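> Handing over work-v2.txt, compact mmCIF, C-alpha atoms.
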# COMPACT_ATOMS: atom_id res chain seq x y z
CA MET A 1 0.00 0.00 0.00
CA SER A 2 1.15 3.52 -0.73
CA PHE A 3 -0.62 5.33 2.04
CA GLY A 4 0.95 7.25 4.84
CA ARG A 5 3.59 8.81 2.62
CA SER A 6 3.56 12.54 3.24
CA ALA A 7 4.14 13.13 -0.48
CA ASP A 8 0.58 11.93 -1.14
CA PHE A 9 -0.82 14.90 0.67
CA GLY A 10 0.79 17.46 -1.60
CA SER A 11 1.67 20.81 -0.14
CA ARG A 12 0.49 20.89 3.44
CA LYS A 13 -1.43 23.92 4.47
CA PHE A 14 -1.21 25.46 7.87
CA LEU A 15 -4.87 24.89 8.78
CA MET A 16 -5.05 21.27 7.67
CA VAL A 17 -6.81 19.06 10.15
CA GLU A 18 -7.18 15.34 10.63
CA ARG A 19 -10.37 13.67 11.84
CA THR A 20 -11.17 10.04 12.56
CA ALA A 21 -14.56 8.38 13.00
CA THR A 22 -15.61 4.78 13.52
CA VAL A 23 -18.82 3.39 12.09
CA GLN A 24 -20.51 0.01 11.86
CA VAL A 25 -21.60 -1.54 8.56
CA VAL A 26 -25.32 -2.23 9.01
CA ASN A 27 -26.70 -3.19 5.60
CA PRO A 28 -27.17 -6.93 5.06
CA HIS A 29 -24.90 -7.18 2.02
CA GLY A 30 -21.96 -5.22 3.40
CA MET A 31 -19.62 -3.07 1.31
CA HIS A 32 -20.37 -4.52 -2.12
CA LEU A 33 -20.09 -2.64 -5.38
CA ARG A 34 -23.00 -0.21 -5.07
CA PRO A 35 -22.09 0.92 -1.52
CA ALA A 36 -18.44 1.26 -2.54
CA ASP A 37 -19.51 3.40 -5.49
CA LEU A 38 -21.68 5.62 -3.25
CA PHE A 39 -18.94 5.93 -0.66
CA ALA A 40 -16.29 6.87 -3.23
CA ARG A 41 -18.58 9.43 -4.88
CA THR A 42 -19.34 11.00 -1.50
CA ALA A 43 -15.65 11.06 -0.56
CA MET A 44 -14.83 12.79 -3.84
CA ARG A 45 -17.10 15.69 -2.96
CA PHE A 46 -14.50 16.80 -0.43
CA GLN A 47 -11.04 18.23 -0.85
CA SER A 48 -9.70 16.15 2.00
CA LYS A 49 -7.92 12.89 1.61
CA VAL A 50 -10.18 10.10 2.85
CA CYS A 51 -8.82 6.80 4.15
CA VAL A 52 -10.81 3.81 5.32
CA THR A 53 -9.28 1.29 7.67
CA PHE A 54 -10.74 -2.17 8.20
CA GLU A 55 -9.08 -5.11 9.93
CA GLY A 56 -5.68 -3.46 9.69
CA GLN A 57 -5.96 -2.65 6.02
CA GLN A 58 -6.05 1.00 4.96
CA VAL A 59 -7.37 2.06 1.57
CA ASP A 60 -8.24 5.20 -0.39
CA GLY A 61 -11.87 6.12 0.31
CA ARG A 62 -12.22 7.58 -3.19
CA SER A 63 -11.37 4.33 -4.94
CA ILE A 64 -14.16 1.82 -5.53
CA VAL A 65 -11.67 -0.91 -6.33
CA GLU A 66 -9.76 -0.35 -3.09
CA LEU A 67 -12.96 -0.19 -1.02
CA LEU A 68 -14.05 -3.52 -2.51
CA MET A 69 -10.77 -5.03 -1.34
CA LEU A 70 -11.92 -4.58 2.23
CA ALA A 71 -14.85 -7.02 1.77
CA ALA A 72 -16.43 -5.39 4.84
CA ARG A 73 -19.38 -7.48 6.02
CA LYS A 74 -22.47 -6.48 7.95
CA GLY A 75 -21.63 -5.90 11.60
CA THR A 76 -17.99 -4.94 11.05
CA GLN A 77 -16.39 -1.62 11.99
CA LEU A 78 -14.85 0.83 9.54
CA THR A 79 -12.56 3.63 10.61
CA ILE A 80 -12.83 6.68 8.39
CA SER A 81 -10.04 9.24 8.56
CA THR A 82 -10.01 12.52 6.74
CA ASP A 83 -7.12 14.89 6.30
CA GLY A 84 -7.40 18.28 4.65
CA ASP A 85 -9.08 21.65 4.61
CA ASP A 86 -12.60 20.25 4.96
CA ALA A 87 -11.68 17.30 7.16
CA ASP A 88 -14.20 18.50 9.74
CA GLU A 89 -17.20 18.18 7.42
CA ALA A 90 -16.28 15.07 5.47
CA PRO A 91 -16.63 12.38 8.16
CA ALA A 92 -20.23 13.29 9.02
CA SER A 93 -21.47 12.70 5.47
CA LEU A 94 -19.53 9.47 5.13
CA VAL A 95 -20.53 8.14 8.55
CA GLN A 96 -24.19 8.95 7.83
CA LEU A 97 -24.01 7.11 4.53
CA VAL A 98 -22.69 3.97 6.22
CA GLU A 99 -25.17 4.30 9.11
CA ARG A 100 -28.05 4.60 6.64
CA GLY A 101 -26.96 1.22 5.28
CA PHE A 102 -26.06 2.89 1.97
CA ASP A 103 -29.81 3.38 1.48
CA GLU A 104 -30.41 -0.29 0.88
CA MET A 105 -31.74 -1.40 4.26
CA GLU A 106 -35.07 -2.48 2.77
CA GLU A 107 -33.23 -5.15 0.79
CA LYS A 108 -32.88 -8.20 3.02
CA ALA A 109 -30.26 -10.88 2.70
CA GLU A 110 -32.01 -14.15 3.31
CA GLY A 111 -30.07 -15.76 6.13
CA GLY A 112 -26.49 -16.61 5.16
CA ASP A 113 -23.89 -14.32 6.61
CA GLN A 114 -26.27 -12.28 8.68
CA MET B 1 -11.34 -16.61 -2.16
CA LYS B 2 -9.48 -17.53 -5.35
CA PHE B 3 -10.56 -17.29 -8.98
CA ALA B 4 -10.57 -21.09 -9.11
CA ASP B 5 -13.29 -21.09 -6.44
CA PHE B 6 -15.88 -19.43 -8.67
CA ILE B 7 -14.66 -19.00 -12.26
CA GLN B 8 -16.10 -21.72 -14.51
CA VAL B 9 -13.13 -22.45 -16.75
CA ALA B 10 -15.28 -23.94 -19.51
CA ALA B 11 -17.28 -20.69 -19.71
CA ILE B 12 -14.34 -18.30 -20.22
CA LYS B 13 -14.69 -16.24 -23.41
CA SER B 14 -11.59 -14.64 -24.89
CA ASP B 15 -13.40 -13.40 -28.00
CA LEU B 16 -16.68 -11.71 -27.12
CA ALA B 17 -18.39 -10.89 -30.42
CA ALA B 18 -21.28 -8.63 -29.40
CA ASP B 19 -20.81 -4.88 -29.61
CA ASP B 20 -23.20 -3.77 -26.89
CA LYS B 21 -23.63 -4.21 -23.16
CA GLU B 22 -26.61 -6.56 -23.21
CA GLY B 23 -25.04 -8.58 -26.03
CA VAL B 24 -21.79 -9.35 -24.20
CA ILE B 25 -23.64 -10.09 -20.96
CA ARG B 26 -25.89 -12.51 -22.89
CA GLU B 27 -22.80 -14.20 -24.40
CA LEU B 28 -21.31 -14.73 -20.95
CA VAL B 29 -24.55 -16.07 -19.44
CA GLU B 30 -24.99 -18.38 -22.46
CA SER B 31 -21.44 -19.54 -21.97
CA LEU B 32 -22.22 -20.43 -18.35
CA VAL B 33 -25.25 -22.38 -19.56
CA GLY B 34 -23.05 -24.15 -22.12
CA SER B 35 -20.56 -25.08 -19.42
CA GLY B 36 -23.33 -26.65 -17.33
CA ALA B 37 -23.04 -24.12 -14.49
CA LEU B 38 -26.54 -22.74 -15.21
CA HIS B 39 -29.73 -24.29 -16.54
CA ALA B 40 -30.91 -23.15 -19.96
CA GLU B 41 -34.39 -22.34 -18.62
CA ASP B 42 -32.88 -19.78 -16.21
CA LEU B 43 -30.99 -17.87 -18.93
CA ASP B 44 -33.62 -15.22 -19.62
CA GLY B 45 -34.39 -14.60 -15.95
CA ILE B 46 -30.71 -14.23 -15.07
CA LEU B 47 -30.01 -11.96 -18.03
CA LYS B 48 -32.96 -9.78 -17.07
CA ALA B 49 -31.81 -9.59 -13.43
CA ILE B 50 -28.27 -8.59 -14.46
CA MET B 51 -29.57 -5.87 -16.77
CA LYS B 52 -31.90 -4.62 -14.02
CA ARG B 53 -28.87 -4.31 -11.72
CA GLU B 54 -27.03 -2.34 -14.42
CA GLU B 55 -29.92 0.14 -14.48
CA LEU B 56 -29.22 0.96 -10.82
CA GLY B 57 -25.72 2.05 -11.80
CA SER B 58 -23.13 0.69 -14.18
CA THR B 59 -20.88 -2.05 -12.86
CA GLY B 60 -18.14 -0.65 -15.10
CA ILE B 61 -15.69 0.14 -12.30
CA GLY B 62 -13.12 1.89 -14.46
CA LYS B 63 -9.89 1.03 -16.29
CA GLY B 64 -11.89 -0.92 -18.90
CA ILE B 65 -13.24 -3.42 -16.38
CA ALA B 66 -16.85 -4.34 -15.54
CA VAL B 67 -18.33 -6.72 -12.99
CA PRO B 68 -21.93 -7.38 -14.07
CA HIS B 69 -23.68 -9.51 -11.47
CA THR B 70 -26.87 -10.61 -9.82
CA LYS B 71 -28.22 -12.85 -7.10
CA HIS B 72 -30.31 -15.73 -8.39
CA PRO B 73 -32.03 -18.59 -6.57
CA SER B 74 -31.10 -21.11 -9.30
CA VAL B 75 -27.47 -21.32 -8.14
CA SER B 76 -26.44 -23.04 -4.93
CA LYS B 77 -22.90 -21.63 -5.03
CA LEU B 78 -21.29 -18.55 -6.53
CA VAL B 79 -20.50 -19.03 -10.22
CA GLY B 80 -18.66 -16.67 -12.51
CA THR B 81 -16.87 -16.33 -15.77
CA VAL B 82 -14.51 -13.96 -17.57
CA GLY B 83 -14.88 -12.39 -20.98
CA VAL B 84 -12.61 -10.24 -23.12
CA SER B 85 -13.80 -7.86 -25.85
CA ALA B 86 -11.04 -6.73 -28.19
CA ASP B 87 -13.04 -3.77 -29.52
CA GLY B 88 -14.42 -2.74 -26.15
CA ILE B 89 -18.02 -2.06 -25.15
CA ASP B 90 -19.74 1.17 -24.23
CA PHE B 91 -20.71 0.32 -20.66
CA ASN B 92 -21.48 3.76 -19.27
CA SER B 93 -18.53 3.17 -16.95
CA LEU B 94 -17.71 5.48 -14.08
CA ASP B 95 -14.62 6.79 -15.85
CA GLY B 96 -16.21 6.77 -19.31
CA GLU B 97 -13.75 4.20 -20.69
CA ARG B 98 -14.90 1.35 -22.91
CA VAL B 99 -14.94 -2.03 -21.22
CA HIS B 100 -12.58 -4.74 -22.46
CA LEU B 101 -12.60 -7.09 -19.49
CA LEU B 102 -15.71 -8.51 -17.81
CA PHE B 103 -16.13 -10.63 -14.70
CA LEU B 104 -19.71 -11.89 -14.53
CA LEU B 105 -20.95 -13.21 -11.18
CA ILE B 106 -24.13 -15.01 -10.14
CA SER B 107 -24.52 -15.68 -6.45
CA PRO B 108 -27.12 -17.45 -4.31
CA PRO B 109 -29.41 -14.90 -2.58
CA ASP B 110 -28.44 -16.13 0.89
CA ARG B 111 -24.65 -15.83 0.53
CA PRO B 112 -23.74 -12.11 0.54
CA GLY B 113 -20.37 -12.94 2.10
CA ASP B 114 -19.27 -15.03 -0.87
CA HIS B 115 -20.15 -12.22 -3.27
CA LEU B 116 -18.07 -9.80 -1.16
CA ARG B 117 -15.11 -12.16 -1.15
CA ALA B 118 -15.28 -12.62 -4.92
CA LEU B 119 -15.35 -8.83 -5.40
CA GLU B 120 -12.44 -8.57 -2.99
CA ASN B 121 -10.40 -11.05 -4.96
CA ILE B 122 -11.20 -9.46 -8.32
CA SER B 123 -10.45 -5.92 -7.12
CA ARG B 124 -7.25 -6.99 -5.36
CA GLN B 125 -5.88 -8.69 -8.47
CA LEU B 126 -7.03 -5.95 -10.84
CA ARG B 127 -4.98 -3.35 -9.01
CA ASP B 128 -2.05 -4.94 -10.78
CA ASP B 129 -1.79 -3.17 -14.14
CA ALA B 130 0.30 -5.94 -15.68
CA PHE B 131 -2.34 -8.51 -14.76
CA CYS B 132 -5.12 -6.36 -16.26
CA ARG B 133 -3.20 -5.70 -19.43
CA SER B 134 -2.33 -9.38 -19.85
CA LEU B 135 -5.95 -10.42 -19.47
CA LYS B 136 -7.19 -7.82 -21.97
CA GLN B 137 -4.60 -9.03 -24.48
CA ALA B 138 -5.28 -12.74 -23.97
CA HIS B 139 -6.07 -14.54 -27.22
CA SER B 140 -7.51 -17.77 -25.90
CA SER B 141 -9.47 -19.02 -22.93
CA ALA B 142 -6.45 -21.17 -22.09
CA ASP B 143 -4.35 -17.99 -21.79
CA ILE B 144 -6.96 -16.44 -19.49
CA GLN B 145 -7.13 -19.58 -17.38
CA GLN B 146 -3.36 -19.56 -17.05
CA LEU B 147 -3.36 -15.89 -15.97
CA LEU B 148 -6.06 -16.56 -13.37
CA ASP B 149 -4.10 -19.56 -12.09
CA ASP B 150 -0.96 -17.42 -11.86
CA ALA B 151 -2.90 -14.78 -9.92
CA ASP B 152 -4.28 -17.47 -7.59
CA ASN B 153 -0.72 -18.61 -6.98
CA SER B 154 0.47 -15.03 -6.41
CA GLN B 155 2.54 -14.94 -9.56
CA PHE B 156 1.39 -11.38 -10.24
In structure tokens, write the structure found in this file.


Amino acid sequence: MSFGRSADFGSRKFLMVERTATVQVVNPHGMHLRPADLFARTAMRFQSKVCVTFEGQQVDGRSIVELLMLAARKGTQLTISTDGDDADEAPASLVQLVERGFDEMEEKAEGGDQ
Amino acid sequence: MKFADFIQVAAIKSDLAADDKEGVIRELVESLVGSGALHAEDLDGILKAIMKREELGSTGIGKGIAVPHTKHPSVSKLVGTVGVSADGIDFNSLDGERVHLLFLLISPPDRPGDHLRALENISRQLRDDAFCRSLKQAHSSADIQQLLDDADNSQF
């Protein structure tokens, strides 16, 4: 993984802040393609760098492919960290999206991994 | 999860002929029927379900790759196949690029975890540009099978 290198952040500004939030995956199907797409699109609305950490693996919150690599199931915890000018606002939107079950709570998984 | 756990080798298509989204998806589903992984009578229902999923948002995830998929009660385990289109297909992908490489997945409705693990495997392997490029340039299903085996054995 290429995260954590300060070069990724570009020129650091004086007011840059870092925020971290933890949220539980609640939708029955977990972080599959559609949720990953929604998450990445939401993350891209912000200037801040967004990282998601799950079971020790940290990925770019703007990348669908990287988010899919987490294979985060229902009931697991994601840590969302934001770093940048709007790092204060970004986590709330992202946490709400995960808490809303990526707007697919009405869709039930029949048994299985629930 | 490895490719060998869900990719039906006999259904791999290195030479997709159709020039539109529904056409290539149909070819891949037909190929799964031909390989014995799906029943012929389920073909239309599965095709319809996959296209319905595409309407919710393209499964073209960028870099010329798409992962069309659906849940379907006719399968008792996750089945999938791989297809390559030399000309590329307009898939309304997130990055606007034409799709050359498709992973089609059909999973049982009660196994969301398996679907997640297949997506995990595909996305993990596809981060490797050399692997992607090699698959898109494969000329035979044997070549594709070899590349998937190499990926399963961490040769990429």

> Give me the residues near region 57-73 of chain B as a list in words, where near means some atom within 7 Å (using only C-alpha atoms) and where sequence neighbours in that chain fewer than 5 positions away do not count.

Ile46, Ala49, Ile50, Phe91, Asn92, Ser93, Leu94, Asp95, Glu97, Arg98, Val99, His100, Leu101, Leu102, Phe103, Leu104, Leu105, Ile106, Ser107, Pro108 and Pro109 of chain B

> Could you pull the residues within 10 Å of Leu38 (chain A), counting all atoms listed in the file, minus those fewer than 2 positions along the same chain, as a list in words?

Leu33, Arg34, Pro35, Ala36, Ala40, Arg41, Thr42, Ala43, Met44, Arg62, Ile64, Leu94, Leu97, Val98, Phe102 and Asp103 of chain A

> Taking all atoms listed in the file into account, which residues of chain B are within 6 Å of chain A, as a list in words?

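Selected residues: Asp110, Arg111, Pro112, Gly113, Leu116, Arg117, Glu120, Ser123 and Arg124 of chain B.
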
> Give me the box for region 20-32 of chain B as AutoDock Vina command-line options, namely the centre and edge lengths in Å to one decimal of a box along x, y and z that holds every listed atom plus 8 Å on each side.


--center_x -24.0 --center_y -12.1 --center_z -22.6 --size_x 21.3 --size_y 32.7 --size_z 24.5

> Between B:Gly96, B:Gly23, B:Gly80, B:Gly88, which is the closest to Ile7 (chain B) once you count all atoms listed in the file?

B:Gly80

> What gap, in Å, lies between CA of Gly84 (chain A) and CA of Ala21 (chain A)?

14.8 Å

> Kindly give the distance, in Å, that separates CA of Phe131 (chain B) and CA of Val9 (chain B), rounded to a single decimal.

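A separation of 17.7 Å between them.
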
> Any idea what the distance is between CA of Ala4 (chain B) and CA of Leu43 (chain B)?

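Spanning CA of Ala4 (chain B) to CA of Leu43 (chain B) is a straight-line distance of 22.9 Å.
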
> Rank nothing, just name the residue among B:Thr81, B:Leu16, B:Asp5, B:Glu54 nearest to Gly34 (chain B), using only C-alpha atoms.

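Result for the nearest residue to Gly34 (chain B): B:Thr81.
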
> Phe46 (chain A): which residues within 9 Å, counting only C-alpha atoms, same-chain residues fewer than 5 positions away excluded, as number ranges by chain?

A: 84-87, 89-90
